Structures are given as C-alpha cells and as structure tokens.
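Just my_file.txt here, compact mmCIF, C-alpha atoms:
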# COMPACT_ATOMS: atom_id res chain seq x y z
CA MET A 1 15.73 4.90 46.43
CA ALA A 2 15.15 2.88 43.25
CA ALA A 3 16.29 3.36 39.66
CA PHE A 4 13.73 4.41 37.03
CA ARG A 5 13.83 4.86 33.28
CA TYR A 6 11.93 7.83 31.89
CA VAL A 7 10.87 9.38 28.59
CA ALA A 8 10.05 13.11 28.54
CA VAL A 9 9.66 16.04 26.16
CA ASP A 10 11.06 19.53 26.63
CA SER A 11 9.32 22.80 25.76
CA ALA A 12 10.81 22.72 22.27
CA GLY A 13 9.27 19.33 21.53
CA ALA A 14 12.54 17.33 21.70
CA LEU A 15 12.40 13.82 23.16
CA HIS A 16 14.61 12.92 26.15
CA ARG A 17 15.32 9.46 27.60
CA GLY A 18 17.31 8.67 30.70
CA GLN A 19 17.55 7.17 34.16
CA MET A 20 16.81 8.68 37.56
CA GLU A 21 16.81 7.52 41.16
CA ALA A 22 13.65 8.28 43.15
CA ALA A 23 11.36 6.79 45.77
CA SER A 24 8.55 6.13 43.29
CA GLU A 25 7.32 6.73 39.74
CA ALA A 26 5.42 9.79 40.98
CA GLY A 27 8.69 11.18 42.33
CA VAL A 28 10.33 10.82 38.92
CA ILE A 29 7.41 12.54 37.23
CA GLU A 30 7.35 15.43 39.67
CA SER A 31 11.13 15.88 39.38
CA LEU A 32 10.88 16.03 35.59
CA GLN A 33 8.05 18.55 35.78
CA ARG A 34 10.11 20.79 38.08
CA GLN A 35 12.84 20.73 35.43
CA GLY A 36 10.37 21.94 32.80
CA PHE A 37 9.84 18.60 31.04
CA ILE A 38 6.57 16.95 30.02
CA PRO A 39 6.87 13.32 31.28
CA LEU A 40 5.62 10.63 28.91
CA LYS A 41 6.66 7.46 30.76
CA ALA A 42 8.39 6.45 33.97
CA GLU A 43 9.06 2.79 34.77
CA PRO A 44 11.26 0.84 37.19
CA ASP A 45 14.65 -0.08 35.77
CA ALA A 46 14.57 -3.55 37.32
CA GLY A 47 16.50 -5.35 34.59
CA GLY A 48 15.25 -8.68 33.31
CA GLY A 49 15.49 -7.69 29.64
CA TRP A 50 12.74 -6.82 27.22
CA ALA A 51 10.58 -9.83 28.06
CA SER A 52 9.97 -8.87 31.67
CA ARG A 53 9.21 -5.28 30.70
CA PHE A 54 6.78 -6.50 28.04
CA PHE A 55 4.80 -8.66 30.42
CA ARG A 56 4.83 -6.02 33.14
CA LEU A 57 3.72 -3.10 30.97
CA GLU A 58 1.90 -4.47 27.96
CA ILE A 59 -0.06 -7.40 29.34
CA GLY A 60 -0.48 -6.42 32.95
CA ARG A 61 -1.87 -2.91 32.29
CA PRO A 62 -4.35 -2.77 29.41
CA GLY A 63 -5.49 0.72 28.56
CA LEU A 64 -8.79 2.46 27.93
CA SER A 65 -10.31 2.81 24.49
CA ARG A 66 -10.64 6.20 22.81
CA ALA A 67 -14.38 6.12 23.39
CA ASP A 68 -13.84 5.47 27.11
CA VAL A 69 -11.39 8.38 27.38
CA ALA A 70 -13.80 10.70 25.55
CA ASP A 71 -16.66 9.75 27.88
CA ILE A 72 -14.47 10.16 30.98
CA THR A 73 -13.32 13.58 29.81
CA ARG A 74 -16.84 14.83 29.18
CA GLU A 75 -17.98 13.65 32.64
CA LEU A 76 -15.02 15.33 34.33
CA ALA A 77 -15.66 18.54 32.37
CA THR A 78 -19.30 18.52 33.46
CA MET A 79 -18.57 17.86 37.15
CA LEU A 80 -15.70 20.34 37.41
CA GLY A 81 -17.79 22.93 35.59
CA ALA A 82 -20.56 22.37 38.17
CA GLY A 83 -18.18 23.31 40.97
CA GLN A 84 -17.07 19.86 42.15
CA ASN A 85 -13.45 19.52 43.28
CA LEU A 86 -11.16 17.10 41.48
CA ASP A 87 -11.24 14.36 44.12
CA ALA A 88 -15.05 14.37 44.26
CA ALA A 89 -15.24 14.29 40.46
CA LEU A 90 -12.87 11.32 40.26
CA ARG A 91 -14.72 9.49 43.03
CA PHE A 92 -18.08 10.00 41.31
CA LEU A 93 -16.57 8.84 38.01
CA ILE A 94 -15.28 5.63 39.59
CA GLU A 95 -18.47 4.89 41.50
CA THR A 96 -20.73 5.30 38.46
CA ALA A 97 -18.51 3.55 35.87
CA ASP A 98 -19.84 0.32 34.34
CA ASN A 99 -16.52 -0.65 32.78
CA PRO A 100 -14.16 -2.47 35.21
CA ARG A 101 -11.15 -1.08 33.35
CA ILE A 102 -12.31 2.48 34.00
CA VAL A 103 -12.76 1.67 37.69
CA LYS A 104 -9.30 0.14 37.93
CA ILE A 105 -7.36 2.75 35.95
CA MET A 106 -9.11 5.82 37.29
CA GLY A 107 -8.82 4.31 40.78
CA ARG A 108 -5.05 4.30 40.37
CA VAL A 109 -5.16 7.89 39.10
CA ARG A 110 -7.23 9.00 42.10
CA GLU A 111 -4.90 7.26 44.55
CA LYS A 112 -1.91 9.14 43.12
CA VAL A 113 -3.76 12.44 43.23
CA ARG A 114 -4.83 11.86 46.83
CA GLY A 115 -1.19 11.02 47.62
CA GLY A 116 -0.09 14.49 46.55
CA SER A 117 0.68 13.95 42.88
CA SER A 118 -0.60 16.31 40.22
CA LEU A 119 -3.33 15.02 37.90
CA ALA A 120 -1.00 15.29 34.89
CA ALA A 121 1.63 13.18 36.68
CA ALA A 122 -1.01 10.59 37.63
CA LEU A 123 -2.23 10.40 34.03
CA THR A 124 1.34 10.08 32.75
CA ALA A 125 1.63 6.83 34.70
CA GLU A 126 -1.12 5.42 32.43
CA PRO A 127 0.46 5.86 28.97
CA ARG A 128 -1.70 3.15 27.37
CA SER A 129 -4.83 5.17 28.18
CA PHE A 130 -3.83 8.85 28.03
CA THR A 131 -1.79 10.24 25.17
CA ARG A 132 0.91 12.87 25.26
CA LEU A 133 -1.62 15.36 23.90
CA TYR A 134 -4.04 14.61 26.73
CA VAL A 135 -1.40 14.86 29.46
CA SER A 136 0.06 18.07 28.02
CA LEU A 137 -3.33 19.79 28.00
CA VAL A 138 -4.08 18.70 31.56
CA GLN A 139 -0.65 19.90 32.69
CA ALA A 140 -1.22 23.29 31.04
CA GLY A 141 -4.67 23.50 32.62
CA GLU A 142 -3.29 22.76 36.08
CA ALA A 143 -0.54 25.33 35.65
CA GLY A 144 -3.05 27.97 34.57
CA GLY A 145 -5.65 27.09 37.20
CA ASN A 146 -8.39 26.50 34.61
CA LEU A 147 -8.75 22.72 34.71
CA SER A 148 -12.50 22.89 34.11
CA ASP A 149 -12.07 24.82 30.83
CA THR A 150 -9.25 22.47 29.84
CA PHE A 151 -11.43 19.38 30.22
CA GLU A 152 -14.21 21.13 28.31
CA ARG A 153 -11.86 21.78 25.37
CA LEU A 154 -10.43 18.27 25.64
CA ALA A 155 -13.90 16.74 25.60
CA THR A 156 -14.82 18.80 22.54
CA LEU A 157 -11.58 17.78 20.80
CA LEU A 158 -12.07 14.06 21.47
CA GLU A 159 -15.76 14.14 20.55
CA GLN A 160 -15.09 15.94 17.28
CA GLN A 161 -12.35 13.45 16.40
CA ARG A 162 -14.68 10.55 17.21
CA LYS A 163 -17.52 12.15 15.26
CA LEU A 164 -15.36 12.65 12.17
CA ALA A 165 -14.02 9.08 12.33
CA ALA A 166 -17.54 7.70 12.82
CA THR A 167 -18.78 9.70 9.82
CA VAL A 168 -16.14 8.18 7.55
CA GLN A 169 -16.56 4.64 8.92
CA SER A 170 -20.36 4.59 8.82
CA ALA A 171 -20.42 6.04 5.29
CA MET A 172 -18.11 3.29 4.04
CA ILE A 173 -20.13 0.43 5.53
CA TYR A 174 -22.64 0.29 2.66
CA PRO A 175 -20.05 0.29 -0.18
CA VAL A 176 -18.02 -2.40 1.60
CA LEU A 177 -21.10 -4.58 2.12
CA LEU A 178 -22.04 -4.02 -1.52
CA VAL A 179 -18.59 -5.17 -2.68
CA ILE A 180 -18.77 -8.28 -0.47
CA THR A 181 -22.26 -9.06 -1.77
CA ALA A 182 -21.16 -8.60 -5.38
CA ILE A 183 -18.13 -10.87 -4.99
CA GLY A 184 -20.21 -13.48 -3.15
CA SER A 185 -22.99 -13.43 -5.74
CA ILE A 186 -20.65 -13.75 -8.70
CA THR A 187 -18.66 -16.52 -6.98
CA LEU A 188 -21.89 -18.39 -6.19
CA LEU A 189 -23.03 -18.17 -9.81
CA LEU A 190 -19.68 -19.40 -11.13
CA THR A 191 -19.14 -22.24 -8.65
CA LYS A 192 -22.69 -23.47 -7.88
CA VAL A 193 -25.12 -22.42 -10.60
CA LEU A 194 -22.91 -22.75 -13.69
CA PRO A 195 -21.78 -26.36 -12.95
CA GLN A 196 -25.45 -27.45 -13.13
CA PHE A 197 -25.53 -26.54 -16.84
CA VAL A 198 -22.09 -27.80 -17.90
CA PRO A 199 -23.11 -31.53 -18.18
CA LEU A 200 -26.08 -30.51 -20.33
CA PHE A 201 -23.80 -28.57 -22.66
CA GLU A 202 -21.31 -31.44 -22.86
CA GLU A 203 -23.98 -34.03 -23.68
CA SER A 204 -25.36 -31.96 -26.51
CA GLY A 205 -22.00 -31.88 -28.30
CA ALA A 206 -22.93 -28.52 -29.79
CA ALA A 207 -20.39 -25.75 -30.34
CA LEU A 208 -20.98 -23.27 -27.54
CA PRO A 209 -20.83 -19.48 -28.05
CA ARG A 210 -17.55 -17.86 -27.11
CA PRO A 211 -19.01 -15.99 -24.08
CA THR A 212 -20.26 -19.30 -22.69
CA ARG A 213 -16.87 -20.95 -23.18
CA ILE A 214 -15.20 -18.02 -21.41
CA LEU A 215 -17.74 -18.30 -18.59
CA ILE A 216 -17.12 -22.05 -18.14
CA ALA A 217 -13.36 -21.46 -18.07
CA LEU A 218 -13.81 -18.75 -15.42
CA GLY A 219 -15.96 -21.13 -13.37
CA ASP A 220 -13.32 -23.88 -13.56
CA ILE A 221 -10.57 -21.46 -12.54
CA THR A 222 -12.67 -20.08 -9.65
CA SER A 223 -13.50 -23.57 -8.34
CA ALA A 224 -9.95 -24.88 -8.63
CA ALA A 225 -7.94 -21.81 -7.70
CA GLY A 226 -10.32 -20.14 -5.24
CA PRO A 227 -8.56 -21.33 -2.06
CA TRP A 228 -5.18 -20.51 -3.55
CA VAL A 229 -6.34 -17.02 -4.49
CA LEU A 230 -7.51 -16.44 -0.92
CA LEU A 231 -4.15 -17.68 0.38
CA ILE A 232 -2.25 -15.42 -2.03
CA LEU A 233 -4.36 -12.43 -1.00
CA LEU A 234 -3.70 -13.20 2.67
CA LEU A 235 0.05 -13.51 2.11
CA THR A 236 0.04 -10.33 0.02
CA GLY A 237 -1.70 -8.47 2.83
CA LEU A 238 0.81 -9.72 5.39
CA ALA A 239 3.71 -8.81 3.09
CA ALA A 240 2.28 -5.33 2.52
CA ARG A 241 1.84 -4.83 6.25
CA GLN A 242 5.45 -5.83 6.84
CA ALA A 243 6.68 -3.61 4.01
CA LEU A 244 4.85 -0.60 5.48
CA LYS A 245 7.03 -0.90 8.57
CA ASP A 246 9.88 0.37 6.40
CA ARG A 247 9.88 4.16 6.69
CA ARG A 248 10.73 4.75 3.03
CA VAL A 249 7.90 2.51 1.79
CA ARG A 250 5.47 4.05 4.27
CA ARG A 251 6.49 7.57 3.22
CA TRP A 252 5.95 6.78 -0.47
CA THR A 253 2.61 5.04 0.16
CA ASP A 254 1.27 7.77 2.43
CA GLY A 255 2.31 10.41 -0.09
CA ALA A 256 0.72 8.50 -2.98
CA VAL A 257 -2.69 8.11 -1.31
CA LEU A 258 -2.91 11.89 -0.92
CA HIS A 259 -2.98 12.23 -4.72
CA LEU A 260 -5.74 9.68 -5.34
CA PRO A 261 -8.83 11.11 -7.04
CA VAL A 262 -11.68 11.84 -4.59
CA ALA A 263 -10.21 9.65 -1.81
CA GLY A 264 -7.05 11.78 -1.70
CA ASN A 265 -9.10 14.91 -1.10
CA LEU A 266 -10.98 13.17 1.72
CA ILE A 267 -7.72 12.18 3.39
CA ARG A 268 -6.33 15.72 3.06
CA GLN A 269 -9.46 17.24 4.57
CA THR A 270 -9.41 14.76 7.45
CA LEU A 271 -5.74 15.44 8.18
CA ALA A 272 -6.31 19.19 8.06
CA ALA A 273 -9.27 18.94 10.45
CA ARG A 274 -7.40 16.76 12.95
CA PHE A 275 -4.22 18.86 12.85
CA SER A 276 -6.01 22.20 13.13
CA ARG A 277 -8.28 21.18 16.00
CA THR A 278 -5.42 19.66 17.97
CA LEU A 279 -3.18 22.67 17.38
CA GLY A 280 -5.90 25.16 18.29
CA THR A 281 -6.83 23.30 21.47
CA LEU A 282 -3.20 23.17 22.59
CA LEU A 283 -2.55 26.84 21.88
CA LEU A 284 -5.69 27.98 23.72
CA ASN A 285 -4.50 25.99 26.75
CA GLY A 286 -1.20 27.87 26.83
CA VAL A 287 1.09 25.29 25.20
CA PRO A 288 3.94 27.01 23.25
CA LEU A 289 3.75 26.81 19.46
CA ILE A 290 6.79 24.56 18.93
CA ALA A 291 5.66 22.07 21.57
CA ALA A 292 2.09 22.24 20.24
CA LEU A 293 3.29 21.42 16.72
CA GLY A 294 5.29 18.46 18.04
CA ILE A 295 2.26 17.09 19.88
CA ALA A 296 -0.15 17.74 17.00
CA LYS A 297 2.21 15.88 14.67
CA GLU A 298 1.72 12.70 16.70
CA THR A 299 -2.02 12.72 15.98
CA LEU A 300 -1.37 12.41 12.22
CA SER A 301 -1.40 8.84 10.95
CA ASN A 302 -0.05 9.87 7.54
CA LEU A 303 3.78 9.88 7.55
CA ALA A 304 4.03 12.39 4.70
CA ALA A 305 1.91 14.86 6.67
CA ALA A 306 3.85 14.19 9.88
CA GLU A 307 7.15 14.89 8.11
CA ALA A 308 5.68 18.12 6.71
CA VAL A 309 4.96 19.22 10.29
CA ASP A 310 8.50 18.15 11.30
CA TRP A 311 9.86 20.38 8.54
CA THR A 312 7.65 23.21 9.79
CA ILE A 313 8.94 22.81 13.36
CA GLY A 314 12.52 23.19 12.15
CA ARG A 315 11.69 26.29 10.12
CA ALA A 316 9.58 27.81 12.92
CA ARG A 317 12.50 27.50 15.34
CA SER A 318 14.55 29.65 12.96
CA GLY A 319 11.83 32.32 12.88
CA ALA A 320 10.12 31.45 9.59
CA GLY A 321 6.69 31.14 11.18
CA MET A 322 4.36 28.20 10.65
CA ALA A 323 2.04 28.79 7.70
CA ARG A 324 4.68 29.43 5.04
CA PRO A 325 6.77 26.31 5.77
CA LEU A 326 3.58 24.21 5.81
CA SER A 327 2.62 25.53 2.39
CA GLU A 328 6.04 24.68 0.95
CA ARG A 329 5.46 20.94 1.42
CA GLY A 330 2.15 20.95 -0.46
CA ILE A 331 0.48 18.38 1.82
CA PHE A 332 -2.31 20.30 3.53
CA PRO A 333 -5.17 22.08 1.69
CA PRO A 334 -4.52 25.71 0.65
CA ARG A 335 -7.56 26.89 2.64
CA MET A 336 -6.01 25.61 5.88
CA ILE A 337 -2.71 27.32 5.10
CA HIS A 338 -4.43 30.62 4.30
CA LEU A 339 -6.51 30.62 7.50
CA LEU A 340 -3.54 29.70 9.70
CA ARG A 341 -1.48 32.47 8.08
CA LEU A 342 -4.31 34.89 8.85
CA GLY A 343 -4.29 33.65 12.46
CA GLU A 344 -0.55 34.27 12.70
CA GLU A 345 -0.85 37.79 11.29
CA THR A 346 -3.66 38.74 13.69
CA ALA A 347 -2.17 36.98 16.75
CA GLN A 348 -5.29 34.78 16.88
CA LEU A 349 -3.72 31.49 15.81
CA GLY A 350 -5.52 29.34 18.42
CA PRO A 351 -9.10 30.52 17.66
CA MET A 352 -8.39 30.57 13.93
CA ALA A 353 -7.06 27.00 14.04
CA LEU A 354 -10.31 25.85 15.65
CA LYS A 355 -12.33 27.72 13.02
CA THR A 356 -10.18 26.05 10.37
CA ALA A 357 -10.93 22.66 11.91
CA GLU A 358 -14.69 23.29 11.72
CA ILE A 359 -14.42 24.21 8.04
CA HIS A 360 -12.38 21.14 7.12
CA GLU A 361 -14.54 18.79 9.19
CA GLU A 362 -17.49 19.94 7.10
CA GLN A 363 -15.40 19.57 3.93
CA ALA A 364 -14.49 16.04 5.01
CA ARG A 365 -18.16 15.17 5.46
CA VAL A 366 -18.89 16.53 1.98
CA ALA A 367 -15.97 14.53 0.55
CA VAL A 368 -17.30 11.35 2.21
CA GLN A 369 -20.73 11.89 0.67
CA ARG A 370 -19.14 12.52 -2.73
CA LEU A 371 -17.01 9.38 -2.47
CA VAL A 372 -19.99 7.23 -1.49
CA SER A 373 -22.11 8.76 -4.27
CA LEU A 374 -19.45 7.66 -6.75
CA LEU A 375 -18.66 4.25 -5.26
CA VAL A 376 -22.19 2.90 -4.88
CA PRO A 377 -23.28 3.42 -8.52
CA ALA A 378 -19.90 2.19 -9.80
CA ILE A 379 -20.08 -1.01 -7.74
CA THR A 380 -23.72 -1.54 -8.73
CA ILE A 381 -22.93 -1.11 -12.43
CA VAL A 382 -19.96 -3.50 -12.28
CA MET A 383 -22.00 -6.07 -10.37
CA GLY A 384 -24.93 -5.73 -12.76
CA ALA A 385 -22.65 -6.05 -15.79
CA ALA A 386 -21.01 -9.20 -14.38
CA VAL A 387 -24.35 -10.84 -13.56
CA ALA A 388 -25.73 -9.83 -16.96
CA PHE A 389 -22.71 -11.39 -18.66
CA ILE A 390 -23.20 -14.66 -16.76
CA VAL A 391 -26.94 -14.85 -17.40
CA GLY A 392 -26.55 -13.75 -21.01
CA SER A 393 -23.89 -16.40 -21.65
CA LEU A 394 -26.13 -19.12 -20.22
CA LEU A 395 -29.12 -17.95 -22.26
CA ALA A 396 -27.04 -17.84 -25.43
CA ALA A 397 -25.94 -21.43 -24.84
CA MET A 398 -29.51 -22.55 -24.12
CA LEU A 399 -30.76 -20.89 -27.33
CA SER A 400 -28.04 -22.62 -29.33
CA LEU A 401 -29.17 -25.96 -27.88
CA ASN A 402 -32.78 -25.19 -28.86
CA ASP A 403 -31.69 -24.34 -32.39
CA LEU A 404 -29.78 -27.62 -32.56
CA ALA A 405 -32.78 -29.59 -31.28
CA GLY A 406 -35.08 -27.85 -33.79

Is it possible to give me this structure as structure tokens?
Amino acid sequence: MAAFRYVAVDSAGALHRGQMEAASEAGVIESLQRQGFIPLKAEPDAGGGWASRFFRLEIGRPGLSRADVADITRELATMLGAGQNLDAALRFLIETADNPRIVKIMGRVREKVRGGSSLAAALTAEPRSFTRLYVSLVQAGEAGGNLSDTFERLATLLEQQRKLAATVQSAMIYPVLLVITAIGSITLLLTKVLPQFVPLFEESGAALPRPTRILIALGDITSAAGPWVLLILLLTGLAARQALKDRRVRRWTDGAVLHLPVAGNLIRQTLAARFSRTLGTLLLNGVPLIAALGIAKETLSNLAAAEAVDWTIGRARSGAGMARPLSERGIFPPRMIHLLRLGEETAQLGPMALKTAEIHEEQARVAVQRLVSLLVPAITIVMGAAVAFIVGSLLAAMLSLNDLAG
C-alpha cells in the first residue's frame, strides 16, 4: 500500500483535500467515489517537496487542448450512439488519432478502463486534459447508464463554447489589425518620412506654421523615446498582470469591465451563455443543483460573476432558490434571470437553462457585430485624421517656403 494525496468535491460542491493509502491512484479514485465524492486529483505522496511534484505532474504530463477534447468527445458520442461499446470506441479513437498526445493520453485512459476502472475515474487521472465539469458529467452518465447521451450533450456544450469563443476572436481580428496598421503607418510617417523634410525647413530659415512645429516635435519624441515607450508598455503590462493576481484588484477590474459601454454588454452576454449552457447540461445529466452551480462557477473567467454564483450557492442551500439570489448581485442580464426563474417555477430548470444559453449566444453574436461596427469606423476616422494632420502640416510648411521663395 502507498500513500496518496487527493482533492475531491462532495455533493454540496465543497472541496476536500486529504491523504489515503491505496494500491494505486485508481484505488483512491474508486474509494472516493464509493464515499459519494467527485475526485478531482489523486497523486502519490512521495515527498520531495514542490519541485519534484512540479516536474512529475506539470512537465511530464502535458494535457490536451480544448479543441482536442471537443473533437474526442464528438467522436465518442458518435461511436457510442452507433452502438459501439466503450472499449471499441476508445480503441478506434486511439487508432485513428493524428495527434501523438491524444494517442498517449487516451491510451492511458483505455488501459485504466480495461483494468476495471470506471471511465470517470480514468479521466480524473488526467486533470490537465479533462476538467471537473467533464468528469462530473461522465460520472453522472455512467451512474445513469446513458453514457451515449451524456457524450452527445458534452460534445454540444464544448462545440457551442468553442463556436462562441471563435465568433468573438475572429470578429476582433480586423479591428486589431487595423489598430496595428494605423500605429505602424503613423510611426513610419513620423520617423522616416518627416525627417526627410526637416533639413529643408532648417535651411530655409523661415518661420514654420505651428502645426508643422508640433509635428516635428512629435517626430523627435517618437524617434528618441520610441524604445523607452515600448519598454514602459511592457513593464506596465507585466505589472498589471502581477496586480491581477491580487483577488481584490481582480474583483474590482472584473466588475468594472462589466459596466463598459458596448464591451460590457458583450461580456455579460458571453458569461450568461456559458453559465446557462453549463448549468443546463449538468442538470439534464442528473447532477444536483448545488453541485451543478459549483461546477458551472468554475467555467466563469470573470471573478465578479463567479462570486455572484458563490453567493447564490450559499442562499440556495438555505432554501432561497437560485434565480432570486442571482438577481440580487446585478451581474447577469435580466433576461437570463427571468428565464431561469421561469424554469424553477415550472420544474424545467435544465431545459430552460439550455434555451437561455441559445438566446444569449445569439445576443453575444449581435453584441460582437455591434462592437465591430463601432470600432472599425472609429479607428478609421482616428487614423485618417492623424494622417491628414501629418500631410496637412507638411503641405502648409511647403507652401510657406514657396511664398518665401516668391
């Protein structure tokens, strides 16, 4: 028997850490499951301090990307839905995978399953690839004997999350490229084009127009301080990243971005869509409400929203329900709160949460289009005004030189 450290969650969503003696990691996981826990991690307690654990877990066992997990889930859903048993589905997945990481990680999962472990326990041993949400849904599917339906819902959940993220990212590519182009063009004009005219202006000895003098000063500052500005921006970014590790700073920042014009609405819609779809998927797979809220909270990257769900969990335990406590924090959109309240009243919270997710995913797409429609013209106008100022200042100086020569 060897000593193992474990991290697990009970049915109420509370986190438990401890030590246990067992023959293997799978034995720890199965023992925890028999006690009603959802295992998150089980690792040998071999000593050696944090360094040995880091190299053993972090470097030695890289995980799968979200895209890989989504593709794996869809393939498993398809094969199980076609009547294949789990071992055959895993074998086919491994044999047809092009990614060596998929072959390696899913090979370990299949070995544990063939050795008598449950699929949820085998996935728990790969925490860098499969999240608590994923493992909890698989565990509920195994317990209910509907693993095929579970993977179908999981695949839909992951694909919708990926689709929403891809919509936001792809929509922002053009504005970002436009900003980079604008900054590059203006910098090129100030540091390369403008210096070609400065000697001509100096030789003439004429009094230059004020816009031209301002332009020359800006060019000198850009040429001399450009590297320093880049260094300051880099240091500022690193300092901001470090500051965001402080929970109070992160809470204030995450709360502030929710009140930004246009962008704040997009973030709210995205959070509502992610929370609702995760919650609905968990509930339809038989996960209790309190545990489902605790798992759904972990999918929220915004700390203010996560703390609102934490508050809701505490109130729900005391019998206050879910929708009313969520509305008291004022984080999520009123439409989401209203639909979830309707789901509670009609005992259809799971289906209603999924319907809510569809509505807010569409709202998020609309918000993205609105944000892009505002950003692109604004960036174009600012860029055009800056270039016009530069060209106009040069033309004014050239005209003054012509007047002097005449």

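With distances taken over all atoms listed in the file, A:Gln161 is the one residue among A:Gln242, A:Thr131, A:Gln161, A:Thr73 lying closest to Ala273 in chain A.
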
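Remark: for Leu354 in chain A, the closest of the candidate residues A:Leu279, A:Leu93, A:Ala308, A:Ala143 is A:Leu279 (distances computed over only C-alpha atoms).
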
Review point. Interatomic distance between CA of Thr253 in chain A and CA of Ala304 in chain A?
Key: 8.8 Å

Point to revise | Selection: 12 Å around Gly144 in chain A, all atoms listed in the file, excl. self and same-chain fewer than 5 positions, as a ChimeraX atom specification | key: /A:137-139,149-150,284-287

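Shortest atom-to-atom contact with Gly314 in chain A among A:Pro195, A:Gly116, A:Gly294, A:Pro44: A:Gly294, counting all atoms listed in the file.
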
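Reported to one decimal place, the separation of CA of Phe4 in chain A from CA of Val109 in chain A is 19.3 Å.
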
Please report as JSON lines every residue of range 111-178 of chain A lying within 10 Å of range 363-370 of chain A, along with the nearest atom pair and their distance in Å (one decimal), using only C-alpha atoms.
{"residue": "A:Leu164", "atom": "CA", "partner": "A:Arg365", "partner_atom": "CA", "distance": 7.7}
{"residue": "A:Thr167", "atom": "CA", "partner": "A:Arg365", "partner_atom": "CA", "distance": 7.0}
{"residue": "A:Val168", "atom": "CA", "partner": "A:Val368", "partner_atom": "CA", "distance": 6.3}
{"residue": "A:Gln169", "atom": "CA", "partner": "A:Val368", "partner_atom": "CA", "distance": 9.5}
{"residue": "A:Ser170", "atom": "CA", "partner": "A:Val368", "partner_atom": "CA", "distance": 9.9}
{"residue": "A:Ala171", "atom": "CA", "partner": "A:Val368", "partner_atom": "CA", "distance": 6.9}
{"residue": "A:Met172", "atom": "CA", "partner": "A:Val368", "partner_atom": "CA", "distance": 8.3}

Could you write those residues out with C-alpha atoms, as a PDB file, in the coordinates of the input?
ATOM      1  CA  LEU A 164     -15.360  12.650  12.170  1.00  0.00           C
ATOM      2  CA  THR A 167     -18.780   9.700   9.820  1.00  0.00           C
ATOM      3  CA  VAL A 168     -16.140   8.180   7.550  1.00  0.00           C
ATOM      4  CA  GLN A 169     -16.560   4.640   8.920  1.00  0.00           C
ATOM      5  CA  SER A 170     -20.360   4.590   8.820  1.00  0.00           C
ATOM      6  CA  ALA A 171     -20.420   6.040   5.290  1.00  0.00           C
ATOM      7  CA  MET A 172     -18.110   3.290   4.040  1.00  0.00           C
TER       8      MET A 172
END

**Study point:** A:Ala121, A:Ile290, A:Ala263, A:Leu326 ranked by distance to Ala306 in chain A, top pick (using only C-alpha atoms)
**Key:**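 Closest to Ala306 in chain A, using only C-alpha atoms: A:Leu326.
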
Practice item. Return the single residue from A:Lys104, A:Arg66, A:Leu119, A:Thr222 that is closest to Asp87 in chain A, with distances computed using only C-alpha atoms. Key: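 Selected residue with least distance to Asp87 in chain A: A:Leu119.
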
Practice item. Could you please determine the separation between CA of Leu244 in chain A and CA of Gly63 in chain A in Å, to one decimal place? Key: 25.3 Å

Revision key, fill the gap. For Ile313 in chain A, the closest of A:Ser327, A:Ala291, A:Thr380, A:Ser301 counting all atoms listed in the file is A:Ala291

Review point. Which polymer residues have any atom within 9 Å of an atom of Ala26 in chain A, counting only C-alpha atoms, with same-chain residues fewer than 6 positions away left out, as a list in words?
Key: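 Listed by chain and then number, they are Ala42, Lys112, Ser117, Ser118, Ala121, Ala122 and Ala125 of chain A.
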
Which residues come within 12 Å of Met20 in chain A, counting only C-alpha atoms, excluding same-chain residues fewer than 6 positions away, as a JSON list (two decimals) with C-alpha atoms, keeping the file's coordinate frame?
[["chain", "number", "residue", "atom", "x", "y", "z"],
["A", 1, "MET", "CA", 15.73, 4.90, 46.43],
["A", 2, "ALA", "CA", 15.15, 2.88, 43.25],
["A", 3, "ALA", "CA", 16.29, 3.36, 39.66],
["A", 4, "PHE", "CA", 13.73, 4.41, 37.03],
["A", 5, "ARG", "CA", 13.83, 4.86, 33.28],
["A", 6, "TYR", "CA", 11.93, 7.83, 31.89],
["A", 7, "VAL", "CA", 10.87, 9.38, 28.59],
["A", 26, "ALA", "CA", 5.42, 9.79, 40.98],
["A", 27, "GLY", "CA", 8.69, 11.18, 42.33],
["A", 28, "VAL", "CA", 10.33, 10.82, 38.92],
["A", 29, "ILE", "CA", 7.41, 12.54, 37.23],
["A", 30, "GLU", "CA", 7.35, 15.43, 39.67],
["A", 31, "SER", "CA", 11.13, 15.88, 39.38],
["A", 32, "LEU", "CA", 10.88, 16.03, 35.59],
["A", 42, "ALA", "CA", 8.39, 6.45, 33.97],
["A", 43, "GLU", "CA", 9.06, 2.79, 34.77],
["A", 44, "PRO", "CA", 11.26, 0.84, 37.19],
["A", 45, "ASP", "CA", 14.65, -0.08, 35.77]]

Point to revise | Spatial neighbours of Ala296 in chain A, 8 Å, only C-alpha atoms, chain gap at least 6 places, as a list in words | key: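 Near Ala296 in chain A, the qualifying residues are Leu133, Phe275, Thr278 and Leu279 of chain A.
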
Let's have the selection written as an mmCIF file, in the coordinates of the input, with C-alpha atoms.
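So the final result, stored in selection_30.cif, reads:
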data_model
loop_
_atom_site.group_PDB
_atom_site.id
_atom_site.type_symbol
_atom_site.label_atom_id
_atom_site.label_comp_id
_atom_site.auth_asym_id
_atom_site.auth_seq_id
_atom_site.Cartn_x
_atom_site.Cartn_y
_atom_site.Cartn_z
ATOM 1 C CA LEU A 133 -1.620 15.360 23.900
ATOM 2 C CA PHE A 275 -4.220 18.860 12.850
ATOM 3 C CA THR A 278 -5.420 19.660 17.970
ATOM 4 C CA LEU A 279 -3.180 22.670 17.380
#

Hey, could you pull the box centre and edge lengths for range 364-380 of chain A, axis-aligned, 5 Å padding per side, all listed atoms, to one decimal in Å, as lines of an AutoDock Vina configuration file?
center_x = -19.1
center_y = 7.5
center_z = -2.2
size_x = 19.2
size_y = 28.1
size_z = 25.3

Exercise for review: Please work out which residues fall within 10 Å of (-8.9, 7.4, 45.7), coordinates as given in the file, with only C-alpha atoms counting, and return them as a PyMOL selection string.
Suggested key: chain A and resi 87-88+90-91+94+106-115
